[in-house]
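Just model_39.csv here, CSV, C-alpha atoms:
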chain,number,residue,atom,x,y,z
A,1,PHE,CA,20.9,-15.2,-4.9
A,2,GLU,CA,17.7,-13.8,-3.4
A,3,VAL,CA,15.9,-14.9,-0.3
A,4,ALA,CA,12.2,-14.4,0.0
A,5,ALA,CA,9.5,-15.9,2.2
A,6,ALA,CA,5.8,-16.0,1.5
A,7,VAL,CA,3.9,-12.8,2.3
A,8,PRO,CA,2.2,-13.4,5.7
A,9,ARG,CA,-1.5,-12.6,5.5
A,10,THR,CA,-4.5,-12.6,7.8
A,11,ASN,CA,-8.1,-12.8,6.8
A,12,ASN,CA,-9.0,-9.7,8.8
A,13,PRO,CA,-10.2,-7.0,6.5
A,14,VAL,CA,-9.3,-3.4,7.2
A,15,THR,CA,-12.3,-1.0,7.1
A,16,LYS,CA,-12.6,2.7,7.9
A,17,THR,CA,-15.5,5.2,7.5
A,18,ASP,CA,-15.6,9.0,7.5
A,19,VAL,CA,-18.7,11.1,7.9
A,20,GLN,CA,-18.6,14.8,7.1
A,21,GLY,CA,-21.5,17.2,7.8
A,22,VAL,CA,-22.1,19.7,5.0
A,23,ASN,CA,-22.8,23.2,6.1
A,24,THR,CA,-22.8,26.6,4.3
A,25,CYS,CA,-21.9,29.8,6.1
A,26,CYS,CA,-20.6,27.7,8.9
A,27,CYS,CA,-24.0,27.0,10.4
A,28,ILE,CA,-26.7,26.1,7.8
A,29,PRO,CA,-26.9,22.3,7.5
A,30,HIS,CA,-27.2,20.7,4.1
A,31,GLY,CA,-27.0,17.0,5.1
A,32,GLN,CA,-23.9,14.8,5.3
A,33,MET,CA,-21.5,12.7,3.2
A,34,LEU,CA,-20.5,9.2,4.3
A,35,MET,CA,-17.6,7.3,2.7
A,36,THR,CA,-16.4,3.8,3.5
A,37,ALA,CA,-13.2,2.0,2.3
A,38,THR,CA,-12.2,-1.7,2.9
A,39,LEU,CA,-9.1,-3.7,2.1
A,40,PRO,CA,-9.3,-7.5,2.3
A,41,TYR,CA,-5.9,-7.5,4.1
A,42,SER,CA,-3.1,-4.9,4.5
A,43,ILE,CA,0.0,-6.7,3.3
A,44,PHE,CA,0.8,-6.8,-0.5
A,45,SER,CA,3.7,-7.6,-2.7
A,46,GLY,CA,4.8,-6.3,-6.2
A,47,ASN,CA,2.7,-7.4,-9.2
A,48,GLU,CA,-0.5,-7.8,-7.1
A,49,ALA,CA,-3.8,-6.2,-7.6
A,50,LEU,CA,-4.7,-4.2,-4.5
A,51,MET,CA,-8.5,-4.4,-4.4
A,52,VAL,CA,-10.2,-1.7,-2.3
A,53,GLN,CA,-13.9,-1.6,-1.8
A,54,VAL,CA,-15.2,2.0,-1.8
A,55,GLY,CA,-18.8,3.1,-1.0
A,56,VAL,CA,-20.2,6.6,-0.8
A,57,LYS,CA,-23.5,7.8,0.5
A,58,ASN,CA,-24.1,11.5,-0.3
A,59,GLU,CA,-27.0,12.5,1.9
A,60,SER,CA,-26.3,16.2,1.2
A,61,SER,CA,-27.5,18.8,-1.3
A,62,LYS,CA,-24.0,19.3,-2.6
A,63,ALA,CA,-22.4,17.1,-5.3
A,64,ILE,CA,-19.1,15.3,-4.9
A,65,GLU,CA,-16.8,16.4,-7.8
A,66,LYS,CA,-14.7,13.2,-7.8
A,67,VAL,CA,-13.2,10.4,-5.6
A,68,SER,CA,-9.5,10.0,-5.6
A,69,ILE,CA,-7.7,6.8,-4.5
A,70,GLU,CA,-3.9,6.9,-4.2
A,71,LEU,CA,-1.2,4.6,-2.8
A,72,ILE,CA,1.2,6.8,-1.0
A,73,GLU,CA,4.8,6.1,0.1
A,74,GLU,CA,6.4,8.3,2.8
A,75,VAL,CA,10.2,8.0,3.4
A,76,ARG,CA,11.4,9.6,6.7
A,77,ILE,CA,15.1,10.0,7.3
A,78,SER,CA,16.3,11.0,10.8
A,79,ALA,CA,19.8,11.7,12.1
A,80,GLN,CA,21.1,13.8,15.0
A,81,ASN,CA,17.8,15.4,15.9
A,82,HIS,CA,17.1,16.4,12.3
A,83,SER,CA,14.6,14.7,10.0
A,84,ASP,CA,13.1,15.0,6.5
A,85,THR,CA,10.1,13.3,5.0
A,86,PHE,CA,9.5,12.6,1.3
A,87,ARG,CA,6.1,11.7,-0.2
A,88,ASN,CA,5.6,9.8,-3.4
A,89,VAL,CA,2.4,8.7,-5.1
A,90,LEU,CA,2.9,5.1,-6.4
A,91,VAL,CA,-0.5,4.4,-7.9
A,92,THR,CA,-3.5,6.7,-8.5
A,93,TYR,CA,-7.1,6.1,-9.6
A,94,GLY,CA,-10.0,8.5,-10.0
A,95,MET,CA,-13.7,7.8,-9.7
A,96,GLU,CA,-16.4,10.0,-11.3
A,97,GLY,CA,-18.4,12.5,-9.3
A,98,ILE,CA,-21.4,11.6,-7.2
A,99,ALA,CA,-24.6,13.7,-7.5
A,100,ALA,CA,-26.4,15.2,-4.4
A,101,GLY,CA,-28.5,12.6,-2.7
A,102,ALA,CA,-26.9,9.7,-4.6
A,103,VAL,CA,-25.6,6.4,-3.2
A,104,VAL,CA,-22.7,4.4,-4.6
A,105,GLU,CA,-22.7,0.9,-3.1
A,106,PRO,CA,-19.3,-0.5,-2.1
A,107,ALA,CA,-17.6,-1.7,-5.3
A,108,GLY,CA,-14.1,-3.1,-5.9
A,109,VAL,CA,-11.5,-0.8,-7.3
A,110,PRO,CA,-8.4,-2.6,-8.5
A,111,LEU,CA,-5.1,-0.8,-8.2
A,112,SER,CA,-2.3,-2.7,-9.9
A,113,LEU,CA,1.0,-2.6,-8.0
A,114,PRO,CA,4.1,-2.2,-10.1
A,115,PRO,CA,6.1,-5.5,-10.6
A,116,SER,CA,8.8,-4.0,-8.4
A,117,PHE,CA,9.2,-0.8,-6.4
A,118,ALA,CA,12.2,0.9,-4.9
A,119,ASN,CA,11.2,0.6,-1.2
A,120,CYS,CA,9.5,-2.0,0.9
A,121,SER,CA,7.8,-0.9,4.1
A,122,MET,CA,10.2,-0.8,7.0
A,123,ARG,CA,10.7,0.9,10.3
A,124,HIS,CA,14.1,1.8,11.8
A,125,PRO,CA,15.3,4.7,14.0
A,126,LEU,CA,17.2,6.2,11.1
A,127,LEU,CA,14.9,5.3,8.2
A,128,THR,CA,11.2,4.7,8.1
A,129,ILE,CA,9.4,3.8,4.9
A,130,SER,CA,5.6,3.6,5.3
A,131,HIS,CA,2.8,3.1,2.8
A,132,HIS,CA,-0.9,3.9,3.0
A,133,LEU,CA,-3.9,4.1,0.8
A,134,GLU,CA,-5.7,7.5,0.7
A,135,VAL,CA,-9.4,7.7,-0.4
A,136,ARG,CA,-10.6,11.3,-0.7
A,137,ALA,CA,-13.9,12.7,-1.9
A,138,ASP,CA,-13.3,16.1,-3.5
A,139,THR,CA,-16.2,18.5,-2.7
A,140,PRO,CA,-17.1,22.1,-3.6
A,141,CYS,CA,-15.5,25.0,-1.9
A,142,CYS,CA,-16.2,25.4,1.9
A,143,VAL,CA,-17.1,21.8,2.4
A,144,THR,CA,-14.8,19.4,4.3
A,145,ASN,CA,-13.7,16.5,2.1
A,146,PRO,CA,-14.4,13.0,3.4
A,147,TYR,CA,-11.0,11.4,3.8
A,148,ILE,CA,-9.9,7.9,4.7
A,149,GLN,CA,-6.3,6.6,5.2
A,150,LEU,CA,-5.7,2.8,5.3
A,151,PRO,CA,-2.3,1.5,6.4
A,152,VAL,CA,-0.6,-0.8,3.9
A,153,THR,CA,2.6,-2.9,4.1
A,154,LEU,CA,4.5,-3.5,0.8
A,155,CYS,CA,6.9,-6.5,0.4
A,156,ARG,CA,9.0,-7.6,-2.4
A,157,PRO,CA,7.4,-10.1,-4.9
A,158,VAL,CA,7.4,-13.7,-3.5
A,159,GLU,CA,9.1,-15.1,-6.6
A,160,VAL,CA,12.7,-16.1,-6.1
A,161,SER,CA,15.4,-17.1,-8.5
A,162,VAL,CA,15.6,-20.8,-9.4
A,163,PHE,CA,18.1,-22.5,-7.1
A,164,GLN,CA,21.2,-23.9,-9.0
A,165,GLN,CA,24.2,-25.9,-8.0
A,166,PRO,CA,27.6,-24.3,-8.9
A,167,PRO,CA,28.6,-25.1,-12.5
A,168,ALA,CA,30.8,-28.1,-13.1
A,169,VAL,CA,34.1,-27.7,-15.0
A,170,MET,CA,36.1,-30.2,-17.1
A,171,GLY,CA,37.7,-32.8,-15.0
A,172,GLY,CA,35.5,-32.3,-11.9
A,173,ARG,CA,33.7,-29.7,-10.0
A,174,ALA,CA,34.4,-26.0,-10.0
A,175,GLY,CA,37.2,-25.1,-7.6
A,176,ALA,CA,38.3,-28.7,-7.2
A,177,SER,CA,41.5,-28.3,-9.2
A,178,GLN,CA,42.6,-25.5,-6.9
A,179,GLY,CA,42.2,-27.6,-3.8
A,180,VAL,CA,39.1,-25.8,-2.6
A,181,PRO,CA,36.6,-28.1,-1.0
A,182,ILE,CA,33.1,-28.1,-2.5
A,183,VAL,CA,30.2,-28.7,-0.3
A,184,GLN,CA,26.8,-29.7,-1.6
A,185,ALA,CA,24.7,-26.5,-1.6
A,186,THR,CA,21.2,-26.5,-0.1
A,187,PRO,CA,18.4,-24.0,-0.8
A,188,TYR,CA,17.4,-21.6,2.0
A,189,GLN,CA,14.1,-22.7,3.7
A,190,PRO,CA,12.5,-19.8,5.6
A,191,ASN,CA,11.1,-20.4,9.0
A,192,THR,CA,7.4,-20.8,8.4
A,193,GLU,CA,6.3,-20.9,12.1
Written as structure tokens, how would this file's structure read?
Amino acid sequence: FEVAAAVPRTNNPVTKTDVQGVNTCCCIPHGQMLMTATLPYSIFSGNEALMVQVGVKNESSKAIEKVSIELIEEVRISAQNHSDTFRNVLVTYGMEGIAAGAVVEPAGVPLSLPPSFANCSMRHPLLTISHHLEVRADTPCCVTNPYIQLPVTLCRPVEVSVFQQPPAVMGGRAGASQGVPIVQATPYQPNTE
């Protein structure tokens, strides 16, 4: 059987902002680009909609080509002073470009998590699996892309299998005919403190 407790959540939103100055020839200013991303909380489970609020203020004379939002998984394996890191994109979403001088007010972008995923977030000296949300505004050549990284923790879905007693057999309970004592089974109750 599977054991799962409710996903612990706080009501503290996670917000980050990045401001990039736009220059040409390394010294001629052309304004700035400001990008903000907010998550209502940072712990999610499978089958949930991860709702990220993204806002962009392009106060420059250069257009933003597109805004990319990706949920990234990084798996780091370490042993005997050697390590290797693998990067996977779990979910991706693209927003349209933003004209020079335009403002996109913060709006919700829903990213649907898959019903199940191979790895939950975890940290161990030998194996670390971390997840984060990357929000990146792709800009023309020679302009630094505004970039935000929000940490995310992924857990297994909170649904568990229905608890069932061992099946009964003819003439009594399963195992009773072999002299095996049967104890009334009780479902696991996670510590909710």
Enter the distance from atom CA of Ala63 of chain A to atom CA of Gly101 of chain A, in Å, rounded to one decimal.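 Pair atom CA of Ala63 of chain A / atom CA of Gly101 of chain A returns 8.0 Å.
Each of A:Glu96, A:Glu74, A:Glu59, A:Asp18 was checked against Gln149 of chain A using only C-alpha atoms; the smallest atom-to-atom distance is that of A:Asp18.
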Separation of atom CA of Ser42 of chain A from atom CA of Val67 of chain A in Å: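 A separation of 20.9 Å between them.
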Quick one: distance from atom CA of Cys141 of chain A to atom CA of Leu39 of chain A in Å, one decimal?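 Distance between the two atoms: 29.7 Å.
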Counting only C-alpha atoms, which of A:Arg87, A:Lys16, A:His30, A:His124 gets nearest to Glu70 of chain A?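 Of A:Arg87, A:Lys16, A:His30, A:His124, the one nearest Glu70 of chain A, counting only C-alpha atoms, is A:Arg87.
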If I put a ball of radius 12 Å at (11.5, -1.5, 1.8) in the file's coordinates, which residues poke into it when counting all atoms listed in the file, written as a list in words?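 Checking each residue against the 12 Å limit leaves Ser45, Gly46, Glu73, Glu74, Val75, Ser116, Phe117, Ala118, Asn119, Cys120, Ser121, Met122, Arg123, His124, Leu127, Thr128, Ile129, Ser130, His131, Thr153, Leu154, Cys155, Arg156 and Pro157 of chain A.
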Which one is closest to Thr92 of chain A: A:Met33, A:Pro151, A:Ile77, A:Ile72? Count only C-alpha atoms.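 For Thr92 of chain A, the nearest of the candidates is A:Ile72.
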Excluding Asn58 of chain A and any residue of its chain fewer than 3 positions from it, enumerate the residues within 7 Å of it, using all atoms listed in the file, and give them as a list in words.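 Using all atoms listed in the file, the neighbours found are Gln32, Met33, Leu34, Ala100, Gly101, Ala102 and Val103 of chain A.
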Residue among A:Glu65, A:Glu48, A:Glu105, A:Asp84 lying closest to Asp138 of chain A, counting only C-alpha atoms: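 Checking each candidate against Asp138 of chain A, we get A:Glu65 as the closest.
Using only C-alpha atoms, the shortest contact distance between Ala99 of chain A and any of A:Leu111, A:Leu71, A:Val56, A:Leu126 is found at A:Val56.
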Mind checking which residues fall within 12 Å of Pro13 of chain A, counting only C-alpha atoms, ignoring those fewer than 4 positions away in the same chain, and posting them as a list of chain:residue names? A:Arg9, A:Ala37, A:Thr38, A:Leu39, A:Pro40, A:Tyr41, A:Ser42, A:Ile43, A:Met51, A:Val52, A:Gln53, A:Leu150, A:Pro151, A:Val152
Skip Cys27 of chain A itself and residues of its chain fewer than 6 positions away, then list as a ChimeraX atom specification all residues within 12 Å of it, counting only C-alpha atoms. /A:21,142-143
